[in-house]
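Colleague: So here's entry01.txt (compact mmCIF, C-alpha atoms and all ligand atoms).
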# COMPACT_ATOMS: atom_id res chain seq x y z
CA MET A 1 17.06 -16.01 -20.50
CA ASP A 2 14.38 -15.36 -17.89
CA ARG A 3 10.91 -15.10 -19.29
CA ARG A 4 9.26 -11.74 -18.77
CA ASP A 5 6.28 -11.51 -16.40
CA ILE A 6 3.25 -10.85 -18.60
CA LEU A 7 1.60 -8.94 -15.71
CA GLU A 8 4.20 -6.24 -16.37
CA LEU A 9 2.57 -5.33 -19.72
CA SER A 10 -0.24 -3.02 -20.69
CA LEU A 11 -2.72 -4.11 -23.36
CA ALA A 12 -0.97 -1.84 -25.86
CA GLU A 13 2.38 -3.54 -25.19
CA LEU A 14 0.83 -6.96 -25.59
CA GLU A 15 -0.77 -5.83 -28.85
CA THR A 16 2.65 -4.74 -30.08
CA TRP A 17 4.04 -8.14 -29.16
CA CYS A 18 1.23 -9.76 -31.19
CA ALA A 19 1.79 -7.42 -34.13
CA GLU A 20 5.50 -8.32 -34.23
CA ARG A 21 4.47 -11.95 -34.69
CA ALA A 22 1.70 -11.28 -37.20
CA VAL A 23 -0.82 -12.43 -34.59
CA ALA A 24 -4.23 -10.72 -34.76
CA ARG A 25 -4.49 -7.78 -32.37
CA TYR A 26 -7.69 -8.95 -30.67
CA ARG A 27 -5.75 -11.94 -29.28
CA ALA A 28 -4.07 -9.58 -26.82
CA GLY A 29 -7.49 -8.68 -25.39
CA GLN A 30 -8.38 -12.35 -25.05
CA VAL A 31 -5.20 -12.97 -23.10
CA THR A 32 -5.72 -10.01 -20.72
CA ALA A 33 -9.31 -11.16 -20.08
CA TRP A 34 -7.98 -14.55 -18.98
CA LEU A 35 -5.35 -12.92 -16.81
CA TYR A 36 -7.34 -10.22 -15.07
CA GLN A 37 -10.99 -11.24 -15.25
CA ARG A 38 -10.59 -15.00 -14.90
CA GLY A 39 -7.32 -14.99 -12.99
CA VAL A 40 -5.74 -17.96 -14.78
CA ARG A 41 -2.11 -18.73 -14.02
CA ASP A 42 -1.34 -21.04 -16.92
CA PHE A 43 -1.40 -20.12 -20.63
CA HIS A 44 -2.72 -23.57 -21.46
CA GLU A 45 -6.00 -22.79 -19.69
CA MET A 46 -6.69 -20.01 -22.22
CA THR A 47 -8.94 -22.26 -24.26
CA ASN A 48 -10.06 -19.73 -26.87
CA VAL A 49 -6.44 -18.95 -27.75
CA ALA A 50 -4.91 -21.09 -30.53
CA CYS A 51 -2.60 -23.85 -29.28
CA GLY A 52 0.44 -22.54 -31.13
CA LEU A 53 -0.02 -19.10 -29.69
CA ARG A 54 -0.42 -20.50 -26.17
CA ASP A 55 2.93 -22.28 -26.60
CA GLU A 56 4.55 -19.13 -27.91
CA LEU A 57 3.18 -17.09 -25.00
CA ALA A 58 4.40 -19.69 -22.51
CA ALA A 59 7.86 -19.63 -24.10
CA SER A 60 8.06 -15.83 -23.86
CA PHE A 61 6.29 -15.03 -20.61
CA SER A 62 5.63 -16.21 -17.07
CA ILE A 63 2.37 -15.35 -15.30
CA GLY A 64 3.23 -13.79 -11.96
CA SER A 65 6.10 -14.61 -9.64
CA LEU A 66 4.71 -14.46 -6.10
CA THR A 67 3.89 -17.40 -3.88
CA LEU A 68 1.42 -17.30 -1.06
CA ALA A 69 3.55 -18.33 1.93
CA LYS A 70 1.00 -17.88 4.70
CA VAL A 71 -2.47 -16.52 5.46
CA SER A 72 -3.25 -15.31 8.98
CA ARG A 73 -6.90 -14.75 9.91
CA SER A 74 -7.92 -12.34 12.63
CA SER A 75 -10.98 -12.80 14.81
CA ASP A 76 -12.42 -9.64 13.17
CA GLY A 77 -12.28 -11.23 9.68
CA THR A 78 -9.13 -9.42 8.57
CA GLN A 79 -6.71 -11.65 6.65
CA LYS A 80 -3.02 -10.99 6.28
CA LEU A 81 -1.23 -12.57 3.32
CA LEU A 82 2.46 -13.22 3.53
CA LEU A 83 3.81 -13.31 -0.03
CA ARG A 84 7.22 -14.52 -1.11
CA LEU A 85 8.88 -12.78 -4.05
CA ARG A 86 11.06 -14.52 -6.58
CA ASP A 87 14.23 -13.24 -4.86
CA GLY A 88 13.12 -14.70 -1.52
CA ALA A 89 12.07 -11.40 0.11
CA THR A 90 8.62 -11.27 1.66
CA ILE A 91 5.87 -8.66 1.60
CA GLU A 92 2.39 -8.48 3.06
CA SER A 93 -1.09 -7.62 1.80
CA VAL A 94 -4.14 -7.28 4.02
CA LEU A 95 -7.82 -8.01 3.25
CA ILE A 96 -10.15 -5.98 5.44
CA PRO A 97 -13.91 -6.60 5.48
CA ASP A 98 -15.90 -3.62 6.73
CA GLY A 99 -19.66 -3.71 6.23
CA GLU A 100 -20.34 -3.54 2.52
CA ARG A 101 -16.70 -2.87 1.78
CA LEU A 102 -13.92 -5.35 1.34
CA THR A 103 -10.63 -3.50 1.09
CA LEU A 104 -7.30 -4.86 -0.06
CA CYS A 105 -4.23 -3.05 1.29
CA VAL A 106 -1.23 -3.58 -1.02
CA SER A 107 2.51 -3.08 -0.57
CA THR A 108 4.62 -1.15 -3.07
CA GLN A 109 8.16 -1.74 -1.79
CA VAL A 110 10.23 -4.22 0.16
CA GLY A 111 11.03 -2.10 3.22
CA CYS A 112 10.83 1.68 2.96
CA ALA A 113 13.26 4.60 2.71
CA MET A 114 11.08 7.23 4.39
CA GLY A 115 12.18 6.44 7.95
CA CYS A 116 8.99 7.47 9.81
CA THR A 117 9.73 6.77 13.48
CA PHE A 118 6.26 5.33 14.19
CA CYS A 119 6.25 2.77 11.36
CA ALA A 120 7.47 -0.82 11.59
CA THR A 121 8.31 -1.05 7.88
CA ALA A 122 10.82 1.78 8.32
CA THR A 123 12.88 -0.44 10.63
CA LEU A 124 13.68 -2.67 7.62
CA GLY A 125 15.25 0.17 5.65
CA PHE A 126 14.79 0.29 1.89
CA ARG A 127 15.39 -2.92 -0.05
CA ARG A 128 13.76 -2.42 -3.44
CA HIS A 129 10.71 -1.28 -5.38
CA LEU A 130 8.03 -3.78 -6.31
CA SER A 131 7.36 -4.04 -10.02
CA ARG A 132 3.98 -3.25 -11.54
CA ALA A 133 3.46 -7.02 -11.88
CA GLU A 134 4.28 -7.67 -8.21
CA ILE A 135 1.76 -5.04 -7.11
CA VAL A 136 -1.01 -6.27 -9.42
CA GLU A 137 -0.40 -9.90 -8.47
CA GLN A 138 -1.18 -9.10 -4.84
CA LEU A 139 -4.75 -8.50 -5.97
CA LEU A 140 -4.85 -11.60 -8.16
CA LEU A 141 -3.71 -13.78 -5.25
CA ALA A 142 -5.99 -12.14 -2.68
CA ARG A 143 -9.11 -12.27 -4.85
CA PRO A 144 -9.89 -15.99 -4.42
CA LEU A 145 -9.46 -15.63 -0.64
CA ALA A 146 -11.79 -12.68 -0.34
CA THR A 147 -14.71 -13.28 1.98
CA ARG A 148 -16.65 -11.25 4.49
CA ASP A 149 -17.61 -14.18 6.71
CA ASP A 150 -15.88 -15.67 9.67
CA PRO A 151 -15.28 -18.58 9.32
CA PRO A 152 -14.78 -18.07 5.56
CA ALA A 153 -17.83 -19.22 3.60
CA GLU A 154 -19.25 -17.17 0.73
CA PRO A 155 -16.68 -15.69 -1.64
CA ALA A 156 -16.94 -11.90 -1.90
CA ARG A 157 -15.69 -9.22 -4.26
CA ILE A 158 -12.89 -6.89 -3.31
CA THR A 159 -14.46 -3.42 -3.49
CA ASN A 160 -11.52 -1.12 -2.69
CA VAL A 161 -7.75 -1.13 -3.07
CA VAL A 162 -5.57 1.05 -0.86
CA PHE A 163 -1.84 1.58 -1.44
CA MET A 164 -1.15 1.66 2.29
CA GLY A 165 0.88 -1.50 2.90
CA MET A 166 4.66 -1.67 3.10
CA GLY A 167 6.56 1.08 1.32
CA GLU A 168 6.03 4.56 -0.06
CA PRO A 169 3.96 4.27 -3.26
CA LEU A 170 5.11 7.57 -4.74
CA HIS A 171 8.78 6.73 -4.21
CA ASN A 172 7.96 3.80 -6.51
CA TYR A 173 6.07 6.04 -8.93
CA VAL A 174 6.45 3.90 -12.04
CA GLY A 175 5.38 0.65 -10.36
CA THR A 176 2.45 2.34 -8.63
CA VAL A 177 1.07 4.13 -11.66
CA GLY A 178 1.56 1.05 -13.85
CA ALA A 179 -0.36 -1.05 -11.33
CA ILE A 180 -3.15 1.55 -11.16
CA GLU A 181 -3.44 1.34 -14.96
CA THR A 182 -3.90 -2.45 -14.89
CA LEU A 183 -6.28 -2.25 -11.92
CA THR A 184 -8.53 0.37 -13.52
CA ALA A 185 -8.36 -0.42 -17.25
CA SER A 186 -11.41 -2.04 -18.82
CA TRP A 187 -9.02 -4.65 -20.30
CA GLY A 188 -7.57 -5.17 -16.80
CA VAL A 189 -9.23 -5.64 -13.43
CA ASP A 190 -11.72 -2.87 -14.28
CA PHE A 191 -11.84 -1.18 -10.88
CA SER A 192 -13.30 2.29 -10.54
CA HIS A 193 -10.68 4.99 -9.84
CA ARG A 194 -12.88 6.18 -7.00
CA ARG A 195 -12.15 2.93 -5.22
CA ILE A 196 -8.39 3.19 -5.39
CA THR A 197 -6.52 5.25 -2.80
CA VAL A 198 -2.81 6.05 -2.79
CA SER A 199 -1.35 7.06 0.56
CA THR A 200 1.86 9.08 0.69
CA VAL A 201 4.17 10.77 3.17
CA GLY A 202 3.81 13.78 0.87
CA LEU A 203 6.30 13.62 -2.01
CA VAL A 204 5.12 16.87 -3.52
CA PRO A 205 6.09 16.60 -7.22
CA GLU A 206 4.90 12.98 -7.43
CA MET A 207 1.59 13.89 -5.78
CA GLN A 208 1.02 16.52 -8.43
CA ARG A 209 1.96 14.09 -11.17
CA LEU A 210 -0.30 11.37 -9.77
CA LEU A 211 -3.29 13.67 -9.84
CA ALA A 212 -2.53 14.73 -13.39
CA GLU A 213 -1.96 11.19 -14.67
CA THR A 214 -4.55 9.12 -12.79
CA GLN A 215 -7.87 9.67 -11.08
CA ALA A 216 -6.93 7.73 -7.95
CA GLN A 217 -7.88 9.13 -4.56
CA LEU A 218 -5.09 10.77 -2.61
CA ALA A 219 -4.34 10.31 1.09
CA VAL A 220 -1.54 12.31 2.70
CA SER A 221 0.03 11.18 5.97
CA LEU A 222 0.33 14.42 7.91
CA THR A 223 0.57 13.39 11.60
CA SER A 224 1.66 16.85 12.77
CA VAL A 225 1.43 20.37 11.41
CA HIS A 226 4.32 21.54 13.57
CA GLU A 227 7.53 21.68 11.57
CA ARG A 228 9.78 20.43 14.36
CA THR A 229 7.52 17.59 15.53
CA ARG A 230 6.79 16.40 12.01
CA SER A 231 10.50 16.50 11.10
CA GLU A 232 11.26 14.24 14.04
CA LEU A 233 8.46 11.81 13.22
CA MET A 234 8.67 11.99 9.44
CA PRO A 235 12.14 12.90 8.11
CA ILE A 236 10.68 13.70 4.65
CA THR A 237 9.62 17.03 6.24
CA LYS A 238 13.24 18.16 5.87
CA LYS A 239 12.77 17.92 2.10
CA TYR A 240 9.21 19.25 1.87
CA SER A 241 8.27 21.45 4.82
CA VAL A 242 4.77 21.36 6.33
CA ALA A 243 4.09 24.75 4.74
CA GLN A 244 5.23 23.53 1.30
CA LEU A 245 3.22 20.34 1.59
CA LEU A 246 0.02 22.11 2.61
CA ALA A 247 0.48 24.80 -0.03
CA ALA A 248 0.84 22.05 -2.64
CA CYS A 249 -2.31 20.31 -1.35
CA ARG A 250 -4.19 23.58 -1.47
CA ALA A 251 -3.15 24.10 -5.07
CA LEU A 252 -3.92 20.58 -6.30
CA PRO A 253 -6.48 20.68 -9.10
CA LEU A 254 -9.06 18.48 -7.37
CA PRO A 255 -11.98 17.49 -9.55
CA ARG A 256 -15.40 18.35 -8.17
CA ARG A 257 -16.63 16.21 -5.28
CA LYS A 258 -13.12 14.93 -4.64
CA ARG A 259 -11.41 15.47 -1.30
CA ILE A 260 -7.92 14.80 -0.01
CA THR A 261 -7.72 12.55 3.02
CA PHE A 262 -5.19 13.56 5.66
CA GLU A 263 -4.06 10.71 7.87
CA TYR A 264 -2.97 11.62 11.36
CA VAL A 265 -1.36 8.97 13.58
CA LEU A 266 -2.15 9.81 17.21
CA LEU A 267 0.86 9.38 19.51
CA ALA A 268 0.39 9.83 23.25
CA GLY A 269 1.97 13.05 24.54
CA ILE A 270 3.47 13.96 21.16
CA ASN A 271 0.75 15.22 18.83
CA ASP A 272 -2.55 14.52 20.62
CA ARG A 273 -3.21 17.67 22.67
CA VAL A 274 -6.24 19.90 22.18
CA ASP A 275 -3.85 22.57 20.88
CA ASP A 276 -2.57 20.14 18.24
CA ALA A 277 -6.15 19.47 17.12
CA ARG A 278 -6.84 23.19 16.85
CA ALA A 279 -3.61 23.76 14.92
CA LEU A 280 -4.49 20.91 12.57
CA ALA A 281 -7.94 22.30 11.82
CA ARG A 282 -6.50 25.78 11.29
CA ALA A 283 -3.82 24.49 8.92
CA LEU A 284 -6.39 22.62 6.82
CA ALA A 285 -8.84 25.50 6.51
CA GLY A 286 -9.73 26.03 2.88
CA ILE A 287 -8.52 22.61 1.68
CA ARG A 288 -11.31 20.30 0.52
CA CYS A 289 -10.42 17.41 2.78
CA LYS A 290 -11.24 14.99 5.52
CA VAL A 291 -9.08 13.82 8.39
CA ASN A 292 -8.56 10.20 9.27
CA LEU A 293 -7.25 9.80 12.82
CA ILE A 294 -5.27 6.60 13.37
CA PRO A 295 -4.45 5.71 16.98
CA PHE A 296 -0.84 4.48 16.92
CA ASN A 297 -0.45 0.72 16.59
CA PRO A 298 2.52 -0.36 18.69
CA PHE A 299 5.06 -2.85 17.33
CA PRO A 300 8.00 -4.62 18.97
CA GLY A 301 10.93 -2.32 19.63
CA SER A 302 8.95 0.94 19.56
CA THR A 303 8.79 3.12 22.65
CA LEU A 304 5.95 5.29 21.31
CA ARG A 305 2.51 4.95 22.87
CA ARG A 306 -1.01 5.02 21.56
CA SER A 307 -3.30 7.86 22.68
CA ASP A 308 -6.06 6.63 24.98
CA ASP A 309 -9.68 6.51 23.78
CA VAL A 310 -10.76 9.64 25.69
CA THR A 311 -7.92 11.66 24.14
CA VAL A 312 -8.75 10.33 20.67
CA ALA A 313 -12.43 11.23 21.05
CA ARG A 314 -11.54 14.70 22.35
CA PHE A 315 -9.12 15.29 19.47
CA GLN A 316 -11.76 14.27 16.94
CA ASP A 317 -14.34 16.49 18.59
CA VAL A 318 -12.09 19.57 18.50
CA VAL A 319 -11.25 19.04 14.82
CA ARG A 320 -14.92 18.56 13.94
CA ARG A 321 -16.06 21.60 15.86
CA ALA A 322 -13.56 23.62 13.89
CA GLY A 323 -15.44 22.54 10.75
CA VAL A 324 -13.15 19.78 9.44
CA HIS A 325 -14.63 16.36 8.78
CA ALA A 326 -12.78 13.80 10.96
CA THR A 327 -13.13 10.05 11.44
CA VAL A 328 -11.22 7.61 13.62
CA ARG A 329 -9.78 4.52 11.94
CA GLU A 330 -10.34 1.52 14.10
CA SER A 331 -7.47 -0.88 14.34
CA ARG A 332 -8.06 -3.99 12.24
CA GLY A 333 -6.49 -7.39 12.66
CA PRO A 334 -4.41 -6.40 15.71
CA ASP A 335 -4.11 -10.04 16.84
CA ILE A 336 -2.27 -10.86 13.58
CA ALA A 337 -0.20 -7.64 13.43
CA ALA A 338 -2.10 -6.55 10.32
CA ALA A 339 -2.92 -3.05 11.55
CA CYS A 340 -1.54 0.14 9.99
CA GLY A 341 2.20 0.47 10.21
CA GLN A 342 2.73 -2.99 11.65
CA LEU A 343 3.53 -4.75 8.41
CA VAL A 344 6.93 -6.29 8.81
CA ALA A 345 6.85 -9.90 7.85
CA ALA A 346 7.57 -11.98 10.93
CA GLU A 347 10.19 -13.74 8.81
CA GLU A 348 12.05 -10.48 8.33
CA ARG A 349 11.86 -9.76 12.03
CA ARG A 350 13.29 -13.15 12.85
CA ALA A 351 16.11 -12.72 10.33
CA ARG A 352 16.94 -9.32 11.78
CA ARG A 353 16.93 -10.69 15.32
CA GLU A 354 19.37 -13.36 14.23
CA SER A 355 21.70 -10.92 12.49
CA ARG A 356 21.58 -8.67 15.58
CA ARG A 357 22.49 -11.64 17.72
CA ALA A 358 25.37 -12.42 15.37
CA ALA A 359 26.50 -8.78 15.59
CA ASP A 360 26.29 -8.93 19.40
CA ALA A 361 28.40 -12.06 19.32
CA ASP A 362 31.00 -10.18 17.21
CA VAL A 363 31.06 -7.36 19.75
CA THR A 364 31.51 -9.87 22.56
CA ALA A 365 34.37 -11.44 20.62
CA ASP A 366 35.94 -7.99 20.12
CA ILE A 367 35.72 -7.25 23.84
CA ASP A 368 37.19 -10.66 24.64
CA ALA A 369 40.03 -9.99 22.22
CA ALA A 370 40.66 -6.51 23.67
CA MET A 371 40.65 -7.85 27.26
CA SER A 372 43.09 -10.62 26.51
CA SER A 373 45.59 -8.43 24.63
N1 LIG B 1 4.12 5.31 2.91
C1 LIG B 1 2.72 5.59 2.79
C2 LIG B 1 1.83 4.37 2.85
C3 LIG B 1 2.14 3.31 3.89
S1 LIG B 1 1.76 3.71 5.57
C4 LIG B 1 2.30 6.62 3.83
O1 LIG B 1 3.09 6.92 4.72
O2 LIG B 1 1.21 7.13 3.74
C5 LIG B 1 -0.01 3.83 5.64
C6 LIG B 1 -0.54 4.65 6.81
O3 LIG B 1 -0.24 4.00 8.06
C7 LIG B 1 0.08 6.04 6.90
O4 LIG B 1 -0.92 6.99 7.12
C8 LIG B 1 0.99 5.95 8.11
O5 LIG B 1 1.13 7.21 8.74
C9 LIG B 1 0.23 4.97 8.98
N2 LIG B 1 1.06 4.31 9.99
C10 LIG B 1 2.34 3.93 9.87
N3 LIG B 1 2.77 3.33 10.99
C11 LIG B 1 1.72 3.32 11.85
C12 LIG B 1 1.52 2.81 13.17
N4 LIG B 1 2.48 2.17 13.80
N5 LIG B 1 0.30 2.97 13.73
C13 LIG B 1 -0.70 3.58 13.06
N6 LIG B 1 -0.58 4.05 11.81
C14 LIG B 1 0.62 3.94 11.21
For the file at hand, write its structure as structure tokens.
Ligand code: SAH
Modeller:
Amino acid sequence: MDRRDILELSLAELETWCAERAVARYRAGQVTAWLYQRGVRDFHEMTNVACGLRDELAASFSIGSLTLAKVSRSSDGTQKLLLRLRDGATIESVLIPDGERLTLCVSTQVGCAMGCTFCATATLGFRRHLSRAEIVEQLLLARPLATRDDPPAEPARITNVVFMGMGEPLHNYVGTVGAIETLTASWGVDFSHRRITVSTVGLVPEMQRLLAETQAQLAVSLTSVHERTRSELMPITKKYSVAQLLAACRALPLPRRKRITFEYVLLAGINDRVDDARALARALAGIRCKVNLIPFNPFPGSTLRRSDDVTVARFQDVVRRAGVHATVRESRGPDIAAACGQLVAAEERRARRESRRAADADVTADIDAAMSS
């Protein structure tokens, strides 16, 4: 039988495992300290744990399942990690240094089911959810690579984690919330909730649940407040209309000093007019929020275009003048395709190209057969 990944467990579950074996409860805390504070990947390195127990742990559990297949470094210090899962699929995580901050962007699914027309991950379709362990391990593998310097010199601490990589975190609610528990628990990685942001297309019930069950920051990808335009760009709008989504955001019980971030991908000629900026500001009136404008990052196969800098600046200005806080997210790691919405492992792209070529060959064969009959 396959051993279970120990990164899947909470402290309480590990304590139960200990109790079932008449092992003292505090041993579980020792093990999680080795896993999450020290980052060890072998039970035999847990030197304050009795030998027999180490053997028993090793017989019952594995530690992680991902392998680091490739690291790409951008000239701006951004690093993209290509990670291979046990089943051979690949995902990506991105380390982004920005002044005092060092942010890790994690994936929550292989592919994505949401089908946003401006996102490269959507072109993969949905393959599967990542487990809690697979999400947490992205941090454990990125941590030793974290640095702010270029070329890499001094190690640095990751200060923020954003659930903005491949996939829709709230579609994978269980994996996401489990990972947040391990990332924030004092027995786990011990990150502050304030430094964890979950970004969603706006799955309304799960958003409400997330706010009730965790203290993570919420970012909602809005991208248009016009029902028709948003439906075309983000099919989830057919399930939760713009009006429903904004009403839900308005009603969220936000703790004091907390704001929702609305992400808005700027697409030339589609949602970047002055009127769109005014409509956005009007729609957000009364919601404690800020807007993060993201100029579209093109990817192979997309016909959409990025708004030019003048249009972006004008859009931001109009939103601000209407009293809504708005920032522009600069594109990071563009030379390594690590920017927002570009995360499709090159491997996947190559595999898809090959299967398309094979399909084309089939069509050619069909035509040949039809012609000759
Ligand atoms: N599924 C979640 C998280 C992953 S996408 C969500 O949609 O929020 C993270 C952010 O990148 C979202 O705000 C999304 O709108 C944005 N994004 C996706 N594709 C993009 C692209 N090609 N250029 C710029 N931003 C993009």
Colleague: Find, counting all atoms listed in the file, the residue in A:Ser221, A:Ser107, A:Thr78, A:Thr32 that gets nearest to ligand LIG 1 (chain B).
Modeller: A:Ser221
Colleague: Give me, as a tab-separated table, the closest atom pair and its distance (Å, one decimal) for every residue of chain A within a cut-off of 6 Å of ligand LIG 1 (chain B), counting only C-alpha atoms and all ligand atoms, rows sorted by chain and rising number.
Modeller:
residue	atom	partner	partner_atom	distance
A:Phe118	CA	B:LIG1	N4	4.9
A:Cys119	CA	B:LIG1	N3	3.5
A:Met164	CA	B:LIG1	C3	4.0
A:Gly165	CA	B:LIG1	C3	5.1
A:Met166	CA	B:LIG1	C3	5.6
A:Gly167	CA	B:LIG1	N1	5.1
A:Glu168	CA	B:LIG1	N1	3.6
A:Ser199	CA	B:LIG1	O2	4.1
A:Thr200	CA	B:LIG1	O2	3.7
A:Val201	CA	B:LIG1	O1	4.3
A:Val220	CA	B:LIG1	O2	6.0
A:Ser221	CA	B:LIG1	O4	4.4
A:Glu263	CA	B:LIG1	O4	4.9
A:Val265	CA	B:LIG1	N6	5.3
A:Ile294	CA	B:LIG1	C13	5.5
A:Pro295	CA	B:LIG1	C13	5.8
A:Phe296	CA	B:LIG1	N5	3.7
A:Asn297	CA	B:LIG1	N5	3.7
A:Pro298	CA	B:LIG1	N4	5.5
A:Cys340	CA	B:LIG1	N6	4.4
A:Gly341	CA	B:LIG1	N3	3.0
A:Gln342	CA	B:LIG1	N4	5.6
Colleague: With C-alpha atoms kept, could you save the residues just selected as a compact mmCIF listing (two decimals), in the frame of the given file?
Modeller:
# COMPACT_ATOMS: atom_id res chain seq x y z
CA PHE A 118 6.26 5.33 14.19
CA CYS A 119 6.25 2.77 11.36
CA MET A 164 -1.15 1.66 2.29
CA GLY A 165 0.88 -1.50 2.90
CA MET A 166 4.66 -1.67 3.10
CA GLY A 167 6.56 1.08 1.32
CA GLU A 168 6.03 4.56 -0.06
CA SER A 199 -1.35 7.06 0.56
CA THR A 200 1.86 9.08 0.69
CA VAL A 201 4.17 10.77 3.17
CA VAL A 220 -1.54 12.31 2.70
CA SER A 221 0.03 11.18 5.97
CA GLU A 263 -4.06 10.71 7.87
CA VAL A 265 -1.36 8.97 13.58
CA ILE A 294 -5.27 6.60 13.37
CA PRO A 295 -4.45 5.71 16.98
CA PHE A 296 -0.84 4.48 16.92
CA ASN A 297 -0.45 0.72 16.59
CA PRO A 298 2.52 -0.36 18.69
CA CYS A 340 -1.54 0.14 9.99
CA GLY A 341 2.20 0.47 10.21
CA GLN A 342 2.73 -2.99 11.65
Colleague: With 12 Å as the threshold, what does the neighbourhood of (0.9, -6.9, -20.1) contain in terms of residues, counting all atoms listed in the file? Coordinates are those of the file; answer as an MDAnalysis selection string.
Modeller: chainID A and resid 4:18 28:36 57 61:64 132:133 136 178:179 181:183 185 187:188
Colleague: So, counting only C-alpha atoms, which residue among A:Arg282, A:Arg86, A:Thr261, A:Leu252 is closest to A:His226?
Modeller: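 Nearest candidate to A:His226 out of A:Arg282, A:Arg86, A:Thr261, A:Leu252: A:Arg282.
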Colleague: Taking 3 positions as the minimum chain separation for residues in the same chain, which residues sit within 8 Å of A:Val204 when counting all atoms listed in the file? Answer as a PyMOL selection string.
Modeller: chain A and resi 207-208+240+245+248
Colleague: Need the shell around A:Tyr173: protein/DNA/RNA residues with any atom at most 12 Å away, counting all atoms listed in the file. Skip same-chain ones fewer than 6 positions apart. Format as a PyMOL selection string?
Modeller: chain A and resi 108-109+129-132+163+167+179-180+198+200+203+205-210+213-214
Colleague: So, counting only C-alpha atoms, which residue among A:Leu140, A:Val49, A:Ala251, A:Val344 is closest to A:Gln37?
Modeller: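 When distances to A:Gln37 are compared using only C-alpha atoms, the smallest one comes from A:Leu140.
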Colleague: One decimal, in Å: what's the spacing between atom CA of A:Gly333 and atom CA of A:Leu280?
Modeller: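 Separating atom CA of A:Gly333 from atom CA of A:Leu280 is a distance of 28.4 Å.
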Colleague: Just give me the gap between atom CA of A:Arg349 and atom CA of A:Arg329 in Å, one decimal is fine.
Modeller: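 Here the two named atoms are 25.9 Å from each other.
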Colleague: I'd like to know which of A:Ala59, A:Arg250, A:Leu141, A:Phe315 is closest to A:Lys80, using only C-alpha atoms.
Modeller: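 Between A:Ala59, A:Arg250, A:Leu141, A:Phe315, the residue approaching A:Lys80 most closely is A:Leu141.
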Colleague: Find the residues near A:His44: any atom within 10 Å, counting all atoms listed in the file, skip ones fewer than 4 places away on the same chain, and give them as a list in words.
Modeller: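 Result of the neighbour search: Val40, Asn48, Val49, Ala50, Cys51, Leu53, Arg54, Asp55, Leu57 and Ala58 of chain A.
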Colleague: Would you be able to write out as a PyMOL selection string which residues have an atom within 12 Å of (-9.9, 18.8, 11.4) in the file's coordinates, counting all atoms listed in the file?
Modeller: chain A and resi 222-225+261-264+274-293+314-328
Colleague: Could you tell me how far atom CA of A:Val312 sits from atom CA of A:Leu266, in Å to one decimal place?
Modeller: 7.5 Å
Colleague: Go through A:Gly269, A:Pro169, A:Pro253, A:Pro334 one by one, measure the shortest atom-to-atom distance of each to A:Ser74 using only C-alpha atoms, and give the residue with the smallest value.
Modeller: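 Comparing A:Gly269, A:Pro169, A:Pro253, A:Pro334 against A:Ser74, the winner is A:Pro334.
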Colleague: Write out as a list in words each polymer residue whose atoms come within 10 Å of A:Ala346, counting only C-alpha atoms; drop sequence neighbours fewer than 6 positions from it.
Modeller: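 In the requested format, the answer is Leu82, Thr90, Ala337 and Arg352 of chain A.
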Colleague: For stretch 266-276 of chain A, take all atoms listed in the file, fit an axis-aligned box around them, add 8 Å to each of the six sides, then output centre and edge lengths in Å rounded to one decimal, as lines of an AutoDock Vina configuration file.
Modeller:
center_x = -1.4
center_y = 16.0
center_z = 20.9
size_x = 25.7
size_y = 29.2
size_z = 23.3
Colleague: Nearest to A:Ala156: which of A:Leu102, A:Ala19, A:Ala122, A:Leu95 is it, counting only C-alpha atoms?
Modeller: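 Selected residue with least distance to A:Ala156: A:Leu102.
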Colleague: Do a neighbour search on A:Ala338 at 9 Å with only C-alpha atoms, toss out local chain neighbours closer than 6 positions, and write the hits as a list in words.
Modeller: Ser72, Ser74, Thr78, Gln79, Lys80, Glu92, Ser93, Val94, Ser331 and Arg332 of chain A
